[in-house]
Amino acid sequence: MQVIMERLYLNFVKDNRWQYLANGLKTTLIVTLGAVMIGILIGFVVAVVRSTYEKTKKLKILNLVCRLYLTVLRGTPVVVQLLIIYFVIFGSVSINKTFVAIVAFGLNSGAYVAEIIRSGIMSIDEGQFEAGRSLGFNYPQTMIFIILPQALKNVLPALANEFIVLLKETSVAGYIALEDLTKGGDIIRSRTYDAFMPLIAVALIYLVMVVTFSKLVNILERRLRNSER
């Protein structure tokens, strides 16, 4: 027990090393929330463009651009995208690493969110579009007032799960020397030469966050099921 207490003191108390984890957690949450907002915005636009093309054969050029975006972003590792954005796209300028991470993870998440929302739109019965036309709505109005509210309700749990996946994916942000939660644990390890304590602490923090958000997603799913009865 004394040995464990000594290791806890060395890794977390001495020189206030726990602050590496606290500051890293703050950075991780900022990156995740920022990336989620970008991902939802991009995903929403891409999903609408693709579903519009599939239903009306309009927006052909935009659809090709969106398909290219999905192919590239879903077909390459997120850590490679992060490195390209930081060292290639922004390599010649001084830029905030947190901003770079938000952009990189947001672009990556947007590709997956787009397919989630598109699947929700395509799952809506064609009769809903006909109902919109019978009410005098044009296609954009039908999409905004009738289709999207139903589609978003159907895919909300999937979007919440995408947030959980994104939270874990941000652990690779240390590749651009961003001091996120994982990097904070690694800094402690480099100072104390003790890998077990700081890395287990990082794993436990991620686990607590994932379990908490998973519980919230389950509550959301139950409420949505109850509202349909």
# chains A, B, ... in the order shown; residues from 1 in each chain; ligands from 1
>>> closest_atom_pairs(of="segment 103-200 of chain A", to="segment 70-76 of chain A", cutoff="12 Å", atoms="only C-alpha atoms", output="JSON lines")
{"residue": "A:Ala104", "atom": "CA", "partner": "A:Leu73", "partner_atom": "CA", "distance": 10.0}
{"residue": "A:Phe105", "atom": "CA", "partner": "A:Leu73", "partner_atom": "CA", "distance": 10.2}
{"residue": "A:Gly106", "atom": "CA", "partner": "A:Leu73", "partner_atom": "CA", "distance": 10.7}
{"residue": "A:Leu107", "atom": "CA", "partner": "A:Leu73", "partner_atom": "CA", "distance": 7.5}
{"residue": "A:Asn108", "atom": "CA", "partner": "A:Leu73", "partner_atom": "CA", "distance": 5.7}
{"residue": "A:Ser109", "atom": "CA", "partner": "A:Leu73", "partner_atom": "CA", "distance": 8.7}
{"residue": "A:Gly110", "atom": "CA", "partner": "A:Leu70", "partner_atom": "CA", "distance": 8.7}
{"residue": "A:Ala111", "atom": "CA", "partner": "A:Leu70", "partner_atom": "CA", "distance": 5.3}
{"residue": "A:Tyr112", "atom": "CA", "partner": "A:Arg74", "partner_atom": "CA", "distance": 7.4}
{"residue": "A:Val113", "atom": "CA", "partner": "A:Leu70", "partner_atom": "CA", "distance": 10.3}
{"residue": "A:Ala114", "atom": "CA", "partner": "A:Leu70", "partner_atom": "CA", "distance": 8.4}
{"residue": "A:Glu115", "atom": "CA", "partner": "A:Leu70", "partner_atom": "CA", "distance": 8.7}
>>> residues_around(residues="Leu199 of chain A", least_positions_apart="3", cutoff="10 Å", atoms="only C-alpha atoms", output="list in words")
Leu181, Thr182, Lys183, Gly184, Gly185, Asp186, Ile188, Arg189, Asp194, Ala195, Phe196, Val202, Ala203, Leu204 and Ile205 of chain A
>>> residues_around(residues="Ile124 of chain A", least_positions_apart="5", cutoff="9 Å", atoms="only C-alpha atoms", output="PDB file with N, CA, C and O atoms, in the first residue's frame")
ATOM      1  N   SER A 119     -29.070   8.509 -44.603  1.00  0.00           N
ATOM      2  CA  SER A 119     -29.844   7.280 -44.410  1.00  0.00           C
ATOM      3  C   SER A 119     -31.179   7.589 -43.729  1.00  0.00           C
ATOM      4  O   SER A 119     -32.202   6.961 -44.019  1.00  0.00           O
ATOM      5  N   PHE A 129     -43.212  13.075 -49.099  1.00  0.00           N
ATOM      6  CA  PHE A 129     -42.923  14.086 -50.114  1.00  0.00           C
ATOM      7  C   PHE A 129     -44.199  14.456 -50.866  1.00  0.00           C
ATOM      8  O   PHE A 129     -44.441  15.631 -51.171  1.00  0.00           O
ATOM      9  N   ILE A 147     -39.606  16.496 -43.982  1.00  0.00           N
ATOM     10  CA  ILE A 147     -38.686  15.351 -44.043  1.00  0.00           C
ATOM     11  C   ILE A 147     -37.599  15.418 -42.971  1.00  0.00           C
ATOM     12  O   ILE A 147     -37.401  14.460 -42.207  1.00  0.00           O
ATOM     13  N   GLN A 150     -38.381  14.561 -39.212  1.00  0.00           N
ATOM     14  CA  GLN A 150     -38.566  13.126 -38.992  1.00  0.00           C
ATOM     15  C   GLN A 150     -37.247  12.373 -39.110  1.00  0.00           C
ATOM     16  O   GLN A 150     -36.961  11.470 -38.320  1.00  0.00           O
ATOM     17  N   ALA A 151     -36.426  12.756 -40.099  1.00  0.00           N
ATOM     18  CA  ALA A 151     -35.148  12.072 -40.311  1.00  0.00           C
ATOM     19  C   ALA A 151     -34.209  12.262 -39.122  1.00  0.00           C
ATOM     20  O   ALA A 151     -33.579  11.312 -38.659  1.00  0.00           O
TER      21      ALA A 151
END
>>> select_by_dssp(residues="segment 4-223 of chain A", states="alpha helix (DSSP H)", output="PyMOL selection string")
chain A and resi 4-8+18-56+60-75+78-83+97-123+126-134+139-142+148-169+181-192+196-223
>>> residues_around(residues="Ala101 of chain A", least_positions_apart="2", cutoff="12 Å", atoms="only C-alpha atoms", output="VMD selection string")
chain A and resid 27 to 36 38 78 to 87 90 95 to 99 103 to 109 166 169 to 180
>>> atom_distance(atom1="atom CA of Gln2 of chain A", atom2="atom CA of Pro198 of chain A")
17.9 Å
>>> decode(residues="segment 5-19 of chain A", atoms="all heavy atoms", output="short mmCIF file (atom, residue, chain, number, x, y, z; two decimals), in the first residue's frame")
data_model
loop_
_atom_site.label_atom_id
_atom_site.label_comp_id
_atom_site.auth_asym_id
_atom_site.auth_seq_id
_atom_site.Cartn_x
_atom_site.Cartn_y
_atom_site.Cartn_z
N MET A 5 0.88 4.34 -2.73
CA MET A 5 0.70 5.74 -2.36
C MET A 5 1.87 6.58 -2.85
O MET A 5 1.69 7.72 -3.29
CB MET A 5 0.55 5.86 -0.84
CG MET A 5 -0.71 5.20 -0.28
SD MET A 5 -2.23 5.84 -1.03
CE MET A 5 -2.19 7.54 -0.47
N GLU A 6 3.06 6.02 -2.76
CA GLU A 6 4.25 6.75 -3.22
C GLU A 6 4.18 6.99 -4.74
O GLU A 6 4.54 8.07 -5.22
CB GLU A 6 5.51 5.97 -2.87
CG GLU A 6 5.83 5.98 -1.38
CD GLU A 6 7.04 5.12 -1.04
OE1 GLU A 6 7.55 4.44 -1.96
OE2 GLU A 6 7.48 5.15 0.12
N ARG A 7 3.70 5.98 -5.48
CA ARG A 7 3.59 6.13 -6.92
C ARG A 7 2.49 7.12 -7.29
O ARG A 7 2.63 7.89 -8.25
CB ARG A 7 3.32 4.77 -7.57
CG ARG A 7 4.51 3.82 -7.47
CD ARG A 7 4.19 2.46 -8.04
NE ARG A 7 4.00 2.50 -9.49
CZ ARG A 7 3.69 1.42 -10.21
NH1 ARG A 7 3.48 0.24 -9.60
NH2 ARG A 7 3.55 1.52 -11.52
N LEU A 8 1.40 7.11 -6.56
CA LEU A 8 0.34 8.09 -6.78
C LEU A 8 0.84 9.51 -6.53
O LEU A 8 0.55 10.43 -7.29
CB LEU A 8 -0.86 7.79 -5.88
CG LEU A 8 -1.72 6.58 -6.25
CD1 LEU A 8 -2.74 6.31 -5.15
CD2 LEU A 8 -2.45 6.83 -7.58
N TYR A 9 1.60 9.67 -5.44
CA TYR A 9 2.16 10.97 -5.12
C TYR A 9 3.12 11.42 -6.22
O TYR A 9 3.07 12.58 -6.68
CB TYR A 9 2.89 10.93 -3.78
CG TYR A 9 3.63 12.20 -3.46
CD1 TYR A 9 2.94 13.30 -2.93
CD2 TYR A 9 4.99 12.33 -3.71
CE1 TYR A 9 3.60 14.49 -2.65
CE2 TYR A 9 5.66 13.52 -3.44
CZ TYR A 9 4.96 14.59 -2.90
OH TYR A 9 5.62 15.76 -2.64
N LEU A 10 3.99 10.51 -6.66
CA LEU A 10 4.99 10.85 -7.67
C LEU A 10 4.34 11.24 -9.00
O LEU A 10 4.76 12.21 -9.64
CB LEU A 10 5.93 9.65 -7.89
CG LEU A 10 6.99 9.81 -9.00
CD1 LEU A 10 7.99 10.91 -8.62
CD2 LEU A 10 7.72 8.49 -9.24
N ASN A 11 3.28 10.52 -9.39
CA ASN A 11 2.68 10.73 -10.71
C ASN A 11 1.68 11.88 -10.75
O ASN A 11 1.54 12.52 -11.79
CB ASN A 11 2.00 9.45 -11.19
CG ASN A 11 2.98 8.41 -11.68
OD1 ASN A 11 3.46 8.49 -12.80
ND2 ASN A 11 3.28 7.42 -10.84
N PHE A 12 0.98 12.11 -9.65
CA PHE A 12 -0.13 13.06 -9.71
C PHE A 12 -0.03 14.26 -8.77
O PHE A 12 -0.53 15.34 -9.08
CB PHE A 12 -1.45 12.32 -9.46
CG PHE A 12 -1.67 11.17 -10.38
CD1 PHE A 12 -1.78 9.89 -9.88
CD2 PHE A 12 -1.75 11.36 -11.75
CE1 PHE A 12 -1.97 8.81 -10.73
CE2 PHE A 12 -1.95 10.29 -12.62
CZ PHE A 12 -2.06 9.01 -12.10
N VAL A 13 0.60 14.07 -7.62
CA VAL A 13 0.65 15.14 -6.62
C VAL A 13 1.90 15.98 -6.74
O VAL A 13 1.84 17.22 -6.75
CB VAL A 13 0.53 14.56 -5.19
CG1 VAL A 13 0.59 15.69 -4.16
CG2 VAL A 13 -0.75 13.76 -5.05
N LYS A 14 3.04 15.34 -6.86
CA LYS A 14 4.31 16.06 -6.93
C LYS A 14 4.33 17.00 -8.14
O LYS A 14 3.94 16.63 -9.25
CB LYS A 14 5.47 15.08 -7.04
CG LYS A 14 6.84 15.76 -6.95
CD LYS A 14 7.96 14.74 -6.97
CE LYS A 14 9.31 15.44 -6.88
NZ LYS A 14 10.44 14.46 -6.91
N ASP A 15 4.73 18.23 -7.90
CA ASP A 15 4.80 19.26 -8.94
C ASP A 15 3.44 19.49 -9.62
O ASP A 15 3.39 19.96 -10.77
CB ASP A 15 5.85 18.90 -10.00
CG ASP A 15 7.26 18.84 -9.42
OD1 ASP A 15 7.53 19.58 -8.46
OD2 ASP A 15 8.06 18.04 -9.92
N ASN A 16 2.35 19.14 -8.92
CA ASN A 16 1.00 19.31 -9.47
C ASN A 16 0.85 18.67 -10.85
O ASN A 16 0.24 19.24 -11.77
CB ASN A 16 0.64 20.80 -9.55
CG ASN A 16 0.44 21.42 -8.20
OD1 ASN A 16 -0.09 20.80 -7.29
ND2 ASN A 16 0.90 22.66 -8.04
N ARG A 17 1.36 17.44 -10.97
CA ARG A 17 1.32 16.78 -12.28
C ARG A 17 -0.08 16.39 -12.71
O ARG A 17 -0.33 16.15 -13.89
CB ARG A 17 2.23 15.55 -12.26
CG ARG A 17 3.72 15.94 -12.28
CD ARG A 17 4.64 14.77 -12.12
NE ARG A 17 6.03 15.23 -12.16
CZ ARG A 17 7.03 14.69 -11.49
NH1 ARG A 17 6.81 13.65 -10.69
NH2 ARG A 17 8.25 15.16 -11.61
N TRP A 18 -1.01 16.36 -11.77
CA TRP A 18 -2.41 16.07 -12.13
C TRP A 18 -2.96 17.12 -13.08
O TRP A 18 -3.92 16.86 -13.83
CB TRP A 18 -3.28 16.03 -10.87
CG TRP A 18 -3.31 17.33 -10.10
CD1 TRP A 18 -2.46 17.71 -9.11
CD2 TRP A 18 -4.21 18.42 -10.31
NE1 TRP A 18 -2.78 18.98 -8.67
CE2 TRP A 18 -3.86 19.43 -9.39
CE3 TRP A 18 -5.29 18.63 -11.17
CZ2 TRP A 18 -4.54 20.64 -9.31
CZ3 TRP A 18 -5.97 19.84 -11.10
CH2 TRP A 18 -5.59 20.82 -10.17
N GLN A 19 -2.34 18.32 -13.08
CA GLN A 19 -2.82 19.37 -13.95
C GLN A 19 -2.63 19.04 -15.43
O GLN A 19 -3.37 19.55 -16.28
CB GLN A 19 -2.12 20.69 -13.62
CG GLN A 19 -2.52 21.26 -12.26
CD GLN A 19 -1.89 22.61 -11.98
OE1 GLN A 19 -1.04 23.07 -12.74
NE2 GLN A 19 -2.29 23.23 -10.89
#
